[in-house]
>>> print(open('upload.csv').read())   # CSV, C-alpha atoms
chain,number,residue,atom,x,y,z
A,1,MET,CA,-29.7,-11.3,17.8
A,2,SER,CA,-33.0,-12.6,16.6
A,3,ARG,CA,-31.9,-16.1,15.7
A,4,LEU,CA,-29.2,-18.4,16.9
A,5,ARG,CA,-28.3,-19.8,13.5
A,6,HIS,CA,-27.1,-17.7,10.6
A,7,THR,CA,-25.9,-19.0,7.2
A,8,ALA,CA,-22.4,-18.1,6.0
A,9,GLY,CA,-24.0,-15.8,3.5
A,10,GLU,CA,-25.8,-13.8,6.2
A,11,ILE,CA,-22.8,-13.6,8.4
A,12,PHE,CA,-20.4,-12.4,5.7
A,13,ARG,CA,-22.7,-10.2,3.6
A,14,TRP,CA,-21.9,-7.0,5.5
A,15,PRO,CA,-18.2,-7.5,5.9
A,16,LEU,CA,-18.0,-8.3,2.2
A,17,TRP,CA,-19.8,-5.1,1.2
A,18,LEU,CA,-17.5,-3.1,3.5
A,19,GLY,CA,-14.5,-4.8,2.0
A,20,VAL,CA,-15.7,-4.0,-1.5
A,21,LEU,CA,-16.2,-0.3,-0.5
A,22,THR,CA,-12.6,-0.3,0.9
A,23,VAL,CA,-11.2,-1.6,-2.4
A,24,VAL,CA,-13.2,1.0,-4.4
A,25,GLY,CA,-12.0,3.7,-2.0
A,26,LEU,CA,-8.3,2.7,-2.2
A,27,ALA,CA,-8.4,2.4,-6.0
A,28,SER,CA,-10.4,5.4,-7.0
A,29,ALA,CA,-8.1,8.1,-5.6
A,30,LEU,CA,-5.3,6.5,-7.6
A,31,LEU,CA,-7.3,6.6,-10.8
A,32,GLY,CA,-8.1,10.3,-10.9
A,33,ASN,CA,-8.5,13.6,-9.1
A,34,ASP,CA,-11.5,15.6,-7.9
A,35,GLY,CA,-14.5,13.3,-8.4
A,36,TRP,CA,-12.4,10.2,-8.0
A,37,ASP,CA,-11.0,11.6,-4.7
A,38,VAL,CA,-14.5,12.4,-3.4
A,39,LEU,CA,-15.6,8.9,-4.3
A,40,SER,CA,-12.6,7.5,-2.4
A,41,TRP,CA,-13.4,9.6,0.7
A,42,VAL,CA,-17.0,8.5,0.7
A,43,ALA,CA,-16.2,4.8,0.0
A,44,LEU,CA,-13.6,4.7,2.8
A,45,ALA,CA,-15.7,6.8,5.3
A,46,ILE,CA,-18.7,4.5,5.2
A,47,PRO,CA,-16.9,1.5,6.8
A,48,LEU,CA,-15.5,3.8,9.4
A,49,ALA,CA,-19.0,5.2,10.1
A,50,VAL,CA,-20.4,1.7,10.4
A,51,LEU,CA,-17.6,0.9,12.8
A,52,GLY,CA,-18.3,4.0,14.9
A,53,TRP,CA,-22.1,3.4,14.9
A,54,LYS,CA,-21.8,-0.3,15.9
A,55,ALA,CA,-19.1,0.3,18.5
A,56,SER,CA,-21.1,3.2,20.2
A,57,ARG,CA,-24.2,1.1,20.4
A,58,ALA,CA,-22.6,-1.2,22.9
A,59,THR,CA,-22.1,1.4,25.7
B,1,MET,CA,-22.0,-6.1,19.5
B,2,ARG,CA,-23.7,-7.7,22.6
B,3,ARG,CA,-25.0,-5.1,25.0
B,4,ALA,CA,-24.6,-5.2,28.8
B,5,ALA,CA,-22.1,-8.1,28.7
B,6,ALA,CA,-18.9,-8.7,30.6
B,7,ALA,CA,-15.9,-6.5,29.8
B,8,ARG,CA,-14.1,-9.4,28.1
B,9,ILE,CA,-17.1,-10.1,25.8
B,10,LYS,CA,-17.2,-6.4,25.0
B,11,TRP,CA,-13.6,-6.3,24.0
B,12,LEU,CA,-14.0,-9.6,22.0
B,13,ASP,CA,-16.9,-8.1,20.1
B,14,LEU,CA,-15.1,-4.8,19.5
B,15,HIS,CA,-12.0,-6.8,18.4
B,16,ASN,CA,-14.0,-8.8,15.9
B,17,LEU,CA,-16.0,-5.8,14.7
B,18,ILE,CA,-13.0,-3.6,14.0
B,19,GLY,CA,-11.2,-6.5,12.5
B,20,ALA,CA,-14.0,-7.3,10.0
B,21,VAL,CA,-14.2,-3.6,8.9
B,22,THR,CA,-10.5,-2.9,8.5
B,23,LEU,CA,-9.4,-6.3,7.1
B,24,VAL,CA,-9.1,-5.2,3.5
B,25,TRP,CA,-7.3,-2.0,4.3
B,26,VAL,CA,-4.8,-3.8,6.6
B,27,THR,CA,-4.2,-6.4,3.9
B,28,ALA,CA,-3.6,-3.7,1.3
B,29,VAL,CA,-1.2,-1.8,3.5
B,30,GLY,CA,0.6,-5.0,4.6
B,31,VAL,CA,1.1,-6.4,1.1
B,32,THR,CA,2.3,-3.1,-0.4
B,33,GLY,CA,4.6,-2.8,2.6
B,34,ILE,CA,6.2,-6.1,1.8
B,35,ILE,CA,6.6,-4.9,-1.9
B,36,ASN,CA,8.2,-1.7,-0.6
B,37,THR,CA,10.6,-3.7,1.5
B,38,ILE,CA,11.9,-5.8,-1.4
B,39,SER,CA,12.3,-2.7,-3.6
B,40,LEU,CA,16.0,-2.4,-3.0
B,41,PRO,CA,17.0,-5.9,-4.2
B,42,LEU,CA,14.5,-5.5,-7.1
B,43,PHE,CA,16.1,-2.2,-8.3
B,44,THR,CA,19.6,-3.6,-7.9
B,45,ALA,CA,18.6,-6.7,-10.0
B,46,TRP,CA,17.2,-4.5,-12.7
B,47,ARG,CA,20.3,-2.3,-12.7
B,48,ALA,CA,22.6,-5.4,-12.9
B,49,GLN,CA,20.6,-6.4,-16.0
B,50,VAL,CA,20.4,-3.1,-17.8
B,51,MET,CA,23.6,-1.3,-17.1
B,52,PRO,CA,26.2,-3.8,-18.5
B,53,GLU,CA,24.2,-3.8,-21.8
B,54,LEU,CA,24.3,0.1,-21.9
B,55,ILE,CA,28.0,0.4,-21.1
B,56,ALA,CA,29.2,-2.5,-23.4
B,57,PRO,CA,29.6,-0.4,-26.6
B,58,HIS,CA,31.8,2.2,-24.6
B,59,LEU,CA,34.2,-0.2,-22.9
B,60,GLY,CA,37.8,0.7,-23.5
B,61,LYS,CA,37.1,4.1,-25.0
B,62,PRO,CA,38.7,7.3,-23.8
B,63,PRO,CA,36.8,9.4,-21.3
B,64,LEU,CA,34.1,11.9,-22.4
B,65,ALA,CA,35.4,14.6,-24.6
B,66,LYS,CA,32.4,16.8,-24.6
B,67,LEU,CA,28.9,16.8,-23.0
B,68,ALA,CA,25.7,17.0,-25.1
B,69,ASP,CA,23.4,20.0,-24.6
B,70,ILE,CA,21.2,19.2,-21.6
B,71,ASP,CA,18.1,21.1,-22.7
B,72,GLU,CA,18.2,19.3,-26.0
B,73,ALA,CA,18.7,16.0,-24.3
B,74,VAL,CA,15.6,16.6,-22.1
B,75,ALA,CA,13.6,17.6,-25.1
B,76,THR,CA,14.6,14.4,-26.9
B,77,ALA,CA,13.7,12.3,-23.9
B,78,LEU,CA,10.3,14.0,-23.6
B,79,ARG,CA,9.6,13.4,-27.3
B,80,ALA,CA,10.3,9.7,-26.8
B,81,LEU,CA,8.1,9.5,-23.7
B,82,GLY,CA,5.1,11.5,-24.9
B,83,GLY,CA,3.0,13.2,-22.2
B,84,ASN,CA,5.5,12.8,-19.4
B,85,VAL,CA,7.2,15.6,-17.5
B,86,PRO,CA,10.8,15.7,-16.5
B,87,ALA,CA,11.5,14.7,-12.9
B,88,SER,CA,15.3,14.6,-12.6
B,89,ILE,CA,18.5,14.2,-14.7
B,90,VAL,CA,21.4,12.0,-13.9
B,91,LEU,CA,24.7,13.3,-15.4
B,92,PRO,CA,27.4,10.9,-16.4
B,93,THR,CA,28.8,9.4,-13.2
B,94,GLN,CA,30.7,6.4,-11.8
B,95,ALA,CA,28.2,6.1,-9.1
B,96,ARG,CA,25.7,3.1,-9.1
B,97,PHE,CA,22.7,5.2,-10.1
B,98,GLY,CA,24.1,6.2,-13.4
B,99,THR,CA,26.7,5.3,-16.0
B,100,PRO,CA,29.8,7.1,-17.1
B,101,ARG,CA,28.6,7.5,-20.6
B,102,HIS,CA,24.9,8.4,-20.4
B,103,LEU,CA,22.5,11.1,-19.4
B,104,ILE,CA,19.5,9.6,-17.7
B,105,VAL,CA,16.4,11.7,-17.8
B,106,TRP,CA,13.8,10.5,-15.3
B,107,THR,CA,10.3,11.4,-16.3
B,108,LYS,CA,6.9,10.9,-14.7
B,109,GLY,CA,3.2,11.1,-15.9
B,110,SER,CA,0.7,13.7,-14.9
B,111,THR,CA,-2.3,11.7,-13.6
B,112,PRO,CA,-2.5,10.5,-10.0
B,113,ILE,CA,-1.4,7.0,-10.9
B,114,THR,CA,1.2,7.8,-13.6
B,115,SER,CA,2.8,10.6,-11.5
B,116,ARG,CA,4.0,7.7,-9.4
B,117,LEU,CA,5.4,5.9,-12.4
B,118,PHE,CA,8.9,7.2,-13.1
B,119,THR,CA,10.3,6.2,-16.5
B,120,PRO,CA,13.9,6.8,-17.5
B,121,ALA,CA,15.2,7.7,-20.9
B,122,MET,CA,18.9,7.0,-21.5
B,123,LEU,CA,20.8,9.3,-23.8
B,124,ASP,CA,24.3,9.2,-25.1
B,125,ALA,CA,26.2,11.8,-23.0
B,126,GLU,CA,28.4,12.9,-26.0
B,127,THR,CA,25.9,13.1,-28.8
B,128,GLY,CA,22.6,13.5,-26.9
B,129,LYS,CA,21.1,10.7,-29.0
B,130,LEU,CA,18.4,8.6,-27.5
B,131,VAL,CA,19.7,5.1,-26.5
B,132,ASP,CA,16.8,3.6,-24.7
B,133,ALA,CA,13.4,4.6,-23.4
B,134,ARG,CA,11.6,1.3,-23.1
B,135,GLY,CA,10.6,2.0,-19.5
B,136,LEU,CA,10.8,-0.1,-16.4
B,137,PRO,CA,9.8,-3.8,-16.1
B,138,TRP,CA,6.4,-4.7,-14.7
B,139,TYR,CA,7.7,-5.5,-11.2
B,140,LEU,CA,9.2,-2.0,-10.8
B,141,ARG,CA,6.1,-0.4,-12.1
B,142,MET,CA,4.0,-2.4,-9.6
B,143,LEU,CA,6.4,-1.3,-6.9
B,144,GLN,CA,6.1,2.4,-7.7
B,145,VAL,CA,2.3,2.2,-7.9
B,146,SER,CA,2.1,0.3,-4.6
B,147,ARG,CA,3.9,3.1,-2.6
B,148,PRO,CA,0.9,5.4,-2.2
B,149,LEU,CA,-1.3,2.5,-1.1
B,150,HIS,CA,1.2,1.8,1.7
B,151,PHE,CA,1.8,5.4,2.9
B,152,GLY,CA,-1.6,6.9,2.1
B,153,ASP,CA,0.0,10.0,0.6
B,154,TYR,CA,-2.6,10.5,-2.1
B,155,GLY,CA,-6.1,11.7,-2.5
B,156,GLY,CA,-5.8,14.8,-0.4
B,157,LEU,CA,-6.2,15.6,3.3
B,158,PRO,CA,-9.5,13.7,3.8
B,159,LEU,CA,-7.8,10.5,2.7
B,160,LYS,CA,-4.9,11.2,5.2
B,161,ILE,CA,-7.5,11.6,8.0
B,162,ILE,CA,-9.2,8.4,7.0
B,163,TRP,CA,-5.7,6.8,7.0
B,164,ALA,CA,-5.1,8.0,10.5
B,165,LEU,CA,-8.5,6.7,11.8
B,166,LEU,CA,-7.8,3.3,10.2
B,167,ASP,CA,-4.4,3.3,11.8
B,168,LEU,CA,-6.0,3.9,15.2
B,169,ALA,CA,-8.6,1.2,14.6
B,170,THR,CA,-5.8,-1.3,13.7
B,171,ILE,CA,-3.9,-0.4,16.9
B,172,ILE,CA,-7.1,-1.1,18.9
B,173,VAL,CA,-7.4,-4.5,17.1
B,174,LEU,CA,-3.8,-5.4,18.0
B,175,ALA,CA,-4.0,-4.3,21.6
B,176,SER,CA,-7.4,-6.0,22.3
B,177,GLY,CA,-6.1,-9.1,20.5
B,178,VAL,CA,-3.1,-9.3,22.9
B,179,TYR,CA,-5.4,-8.5,25.9
B,180,LEU,CA,-7.8,-11.3,24.9
B,181,TRP,CA,-5.0,-13.8,24.2
B,182,LEU,CA,-3.4,-13.2,27.5
B,183,GLY,CA,-6.7,-13.5,29.3
B,184,LYS,CA,-7.5,-16.7,27.5
B,185,ARG,CA,-4.2,-18.3,28.7
B,186,LYS,CA,-4.9,-17.2,32.3
B,187,SER,CA,-8.4,-18.6,32.3
B,188,LEU,CA,-7.2,-21.9,30.7
B,189,ARG,CA,-4.7,-22.3,33.5
B,190,ARG,CA,-7.4,-21.6,36.2
B,191,VAL,CA,-9.7,-24.2,34.6
B,192,ALA,CA,-6.9,-26.7,34.6
B,193,GLN,CA,-6.4,-26.2,38.4
B,194,VAL,CA,-10.0,-27.1,39.3
B,195,PRO,CA,-10.5,-30.9,39.1
B,196,GLY,CA,-13.7,-32.3,37.9
B,197,GLN,CA,-14.8,-29.1,36.3
B,198,PRO,CA,-15.5,-29.1,32.6
B,199,GLY,CA,-13.3,-26.6,30.9
B,200,VAL,CA,-15.5,-23.8,29.6
B,201,VAL,CA,-13.9,-20.7,28.2
B,202,ALA,CA,-15.7,-17.7,26.6
B,203,THR,CA,-15.1,-17.9,22.9
B,204,SER,CA,-16.3,-16.0,19.9
B,205,GLY,CA,-18.8,-18.8,19.2
B,206,ALA,CA,-20.8,-18.1,22.3
B,207,SER,CA,-24.2,-16.7,21.4
B,208,SER,CA,-25.9,-14.1,23.5
>>> encode(input="upload.csv", output="structure tokens")
Amino acid sequence: MSRLRHTAGEIFRWPLWLGVLTVVGLASALLGNDGWDVLSWVALAIPLAVLGWKASRAT
Amino acid sequence: MRRAAAARIKWLDLHNLIGAVTLVWVTAVGVTGIINTISLPLFTAWRAQVMPELIAPHLGKPPLAKLADIDEAVATALRALGGNVPASIVLPTQARFGTPRHLIVWTKGSTPITSRLFTPAMLDAETGKLVDARGLPWYLRMLQVSRPLHFGDYGGLPLKIIWALLDLATIIVLASGVYLWLGKRKSLRRVAQVPGQPGVVATSGASS
């Protein structure tokens, strides 16, 4: 961490974007097939990838 | 996550990290799970509303003399609900899912979302004439669409794998939450036993 103090916007920016991606992923596979399914997989895989990346950096 | 910290801090960071990433998914699965659970009373309430109205004109009449042609009845139902495909047919019955005087043709749509939306058409069992095809009320439509969001049985195999990974992540959040909570209670008790010591407990607010 570079600074001790972060604004609420800085703290919640990334969780918010990951949440938006999750919503997009959950909805898109409902809306259509093929392209919509792929969009859903990508949108839901990104939060998981971020999770794996951040979790593996600790060890 | 903070590197090279104590095991407890590591678990705390992992707990918060996974929680932040999976929050929306957990909420979606949780809310649709609640909707699923109340589906039985919702369907019962709808039936109690619709069935008496359907049966009323037939009260006191003799039993069915003949049965309408099923193929024609299905065709009539599909004409009334353009674009849908037939899913199942309920023949006249005394059971609670039908009526003694009607054929019920359940249909569904053909897109991912409308294939979850089952719409019934009620037809007179003797004449095969359409009685009602107005569809289900909004709360039952919502219920039907919420099912895949709870079970994750849509969007092909990759989505199912993602579902499994999110399930595992949620299990880690729950387990680490219990671990951290139990540890917190223990350290609070230890602090309380030492007189004159300020009670300092590792919290998520601690900066590295």
>>> residues_around(input="upload.csv", residues="stretch 20-24 of chain A", least_positions_apart="2", cutoff="9 Å", atoms="only C-alpha atoms", output="VMD selection string")
(chain A and resid 15 to 18 26 to 29 39 to 40 42 to 47) or (chain B and resid 21 to 22 24 to 25 28)
>>> residues_around(input="upload.csv", residues="B:Pro112", least_positions_apart="5", cutoff="10 Å", atoms="all atoms listed in the file", output="mmCIF file with C-alpha atoms, in the coordinates of the input")
data_model
loop_
_atom_site.group_PDB
_atom_site.id
_atom_site.type_symbol
_atom_site.label_atom_id
_atom_site.label_comp_id
_atom_site.auth_asym_id
_atom_site.auth_seq_id
_atom_site.Cartn_x
_atom_site.Cartn_y
_atom_site.Cartn_z
ATOM 1 C CA SER A 28 -10.400 5.400 -7.000
ATOM 2 C CA ALA A 29 -8.100 8.100 -5.600
ATOM 3 C CA LEU A 30 -5.300 6.500 -7.600
ATOM 4 C CA LEU A 31 -7.300 6.600 -10.800
ATOM 5 C CA GLY A 32 -8.100 10.300 -10.900
ATOM 6 C CA ASN A 33 -8.500 13.600 -9.100
ATOM 7 C CA LEU B 117 5.400 5.900 -12.400
ATOM 8 C CA VAL B 145 2.300 2.200 -7.900
ATOM 9 C CA PRO B 148 0.900 5.400 -2.200
ATOM 10 C CA TYR B 154 -2.600 10.500 -2.100
ATOM 11 C CA GLY B 155 -6.100 11.700 -2.500
#
>>> residues_around(input="upload.csv", residues="B:Met122", least_positions_apart="4", cutoff="12 Å", atoms="all atoms listed in the file", output="NGL selection string")
:B and (50-51 or 54-55 or 73-74 or 76-78 or 80-81 or 89-92 or 98-107 or 127-136)
>>> interface_residues(input="upload.csv", of="chain B", to="chain A", cutoff="8 Å", atoms="all atoms listed in the file", output="ChimeraX atom specification")
/B:1-4,10,14,17-18,20-25,111-113,149,154-156,158-159,162,165-166,207-208
>>> atom_distance(input="upload.csv", atom1="atom CA of B:His58", atom2="atom CA of B:Leu123")
13.1 Å
>>> atom_distance(input="upload.csv", atom1="atom CA of B:Ile34", atom2="atom CA of B:Ala175")
22.3 Å
>>> atom_distance(input="upload.csv", atom1="atom CA of B:Lys108", atom2="atom CA of B:Arg79")
13.1 Å
>>> build_atoms(input="upload.csv", residues="stretch 9-23 of chain A", atoms="N, CA and C atoms", output="PDB file, in the frame of the given file")
ATOM      1  N   GLY A   9     -23.660 -16.921   4.299  1.00  0.00           N
ATOM      2  CA  GLY A   9     -24.000 -15.800   3.500  1.00  0.00           C
ATOM      3  C   GLY A   9     -24.478 -14.606   4.316  1.00  0.00           C
ATOM      4  N   GLU A  10     -25.303 -14.908   5.311  1.00  0.00           N
ATOM      5  CA  GLU A  10     -25.800 -13.800   6.200  1.00  0.00           C
ATOM      6  C   GLU A  10     -24.722 -13.237   7.022  1.00  0.00           C
ATOM      7  N   ILE A  11     -23.825 -14.103   7.502  1.00  0.00           N
ATOM      8  CA  ILE A  11     -22.800 -13.600   8.400  1.00  0.00           C
ATOM      9  C   ILE A  11     -21.792 -12.712   7.630  1.00  0.00           C
ATOM     10  N   PHE A  12     -21.458 -13.114   6.410  1.00  0.00           N
ATOM     11  CA  PHE A  12     -20.400 -12.400   5.700  1.00  0.00           C
ATOM     12  C   PHE A  12     -20.860 -11.352   4.740  1.00  0.00           C
ATOM     13  N   ARG A  13     -22.196 -11.167   4.633  1.00  0.00           N
ATOM     14  CA  ARG A  13     -22.700 -10.200   3.600  1.00  0.00           C
ATOM     15  C   ARG A  13     -22.159  -8.800   3.934  1.00  0.00           C
ATOM     16  N   TRP A  14     -22.320  -8.340   5.194  1.00  0.00           N
ATOM     17  CA  TRP A  14     -21.900  -7.000   5.500  1.00  0.00           C
ATOM     18  C   TRP A  14     -20.397  -6.776   5.469  1.00  0.00           C
ATOM     19  N   PRO A  15     -19.616  -7.675   6.077  1.00  0.00           N
ATOM     20  CA  PRO A  15     -18.200  -7.500   5.900  1.00  0.00           C
ATOM     21  C   PRO A  15     -17.706  -7.503   4.484  1.00  0.00           C
ATOM     22  N   LEU A  16     -18.376  -8.313   3.626  1.00  0.00           N
ATOM     23  CA  LEU A  16     -18.000  -8.300   2.200  1.00  0.00           C
ATOM     24  C   LEU A  16     -18.248  -6.985   1.555  1.00  0.00           C
ATOM     25  N   TRP A  17     -19.434  -6.411   1.826  1.00  0.00           N
ATOM     26  CA  TRP A  17     -19.800  -5.100   1.200  1.00  0.00           C
ATOM     27  C   TRP A  17     -18.781  -4.027   1.710  1.00  0.00           C
ATOM     28  N   LEU A  18     -18.456  -4.083   3.014  1.00  0.00           N
ATOM     29  CA  LEU A  18     -17.500  -3.100   3.500  1.00  0.00           C
ATOM     30  C   LEU A  18     -16.140  -3.282   2.885  1.00  0.00           C
ATOM     31  N   GLY A  19     -15.756  -4.534   2.629  1.00  0.00           N
ATOM     32  CA  GLY A  19     -14.500  -4.800   2.000  1.00  0.00           C
ATOM     33  C   GLY A  19     -14.493  -4.283   0.529  1.00  0.00           C
ATOM     34  N   VAL A  20     -15.629  -4.486  -0.170  1.00  0.00           N
ATOM     35  CA  VAL A  20     -15.700  -4.000  -1.500  1.00  0.00           C
ATOM     36  C   VAL A  20     -15.612  -2.450  -1.532  1.00  0.00           C
ATOM     37  N   LEU A  21     -16.271  -1.790  -0.572  1.00  0.00           N
ATOM     38  CA  LEU A  21     -16.200  -0.300  -0.500  1.00  0.00           C
ATOM     39  C   LEU A  21     -14.729   0.115  -0.243  1.00  0.00           C
ATOM     40  N   THR A  22     -14.022  -0.647   0.605  1.00  0.00           N
ATOM     41  CA  THR A  22     -12.600  -0.300   0.900  1.00  0.00           C
ATOM     42  C   THR A  22     -11.785  -0.376  -0.399  1.00  0.00           C
ATOM     43  N   VAL A  23     -11.992  -1.457  -1.165  1.00  0.00           N
ATOM     44  CA  VAL A  23     -11.200  -1.600  -2.400  1.00  0.00           C
ATOM     45  C   VAL A  23     -11.530  -0.456  -3.356  1.00  0.00           C
TER      46      VAL A  23
END
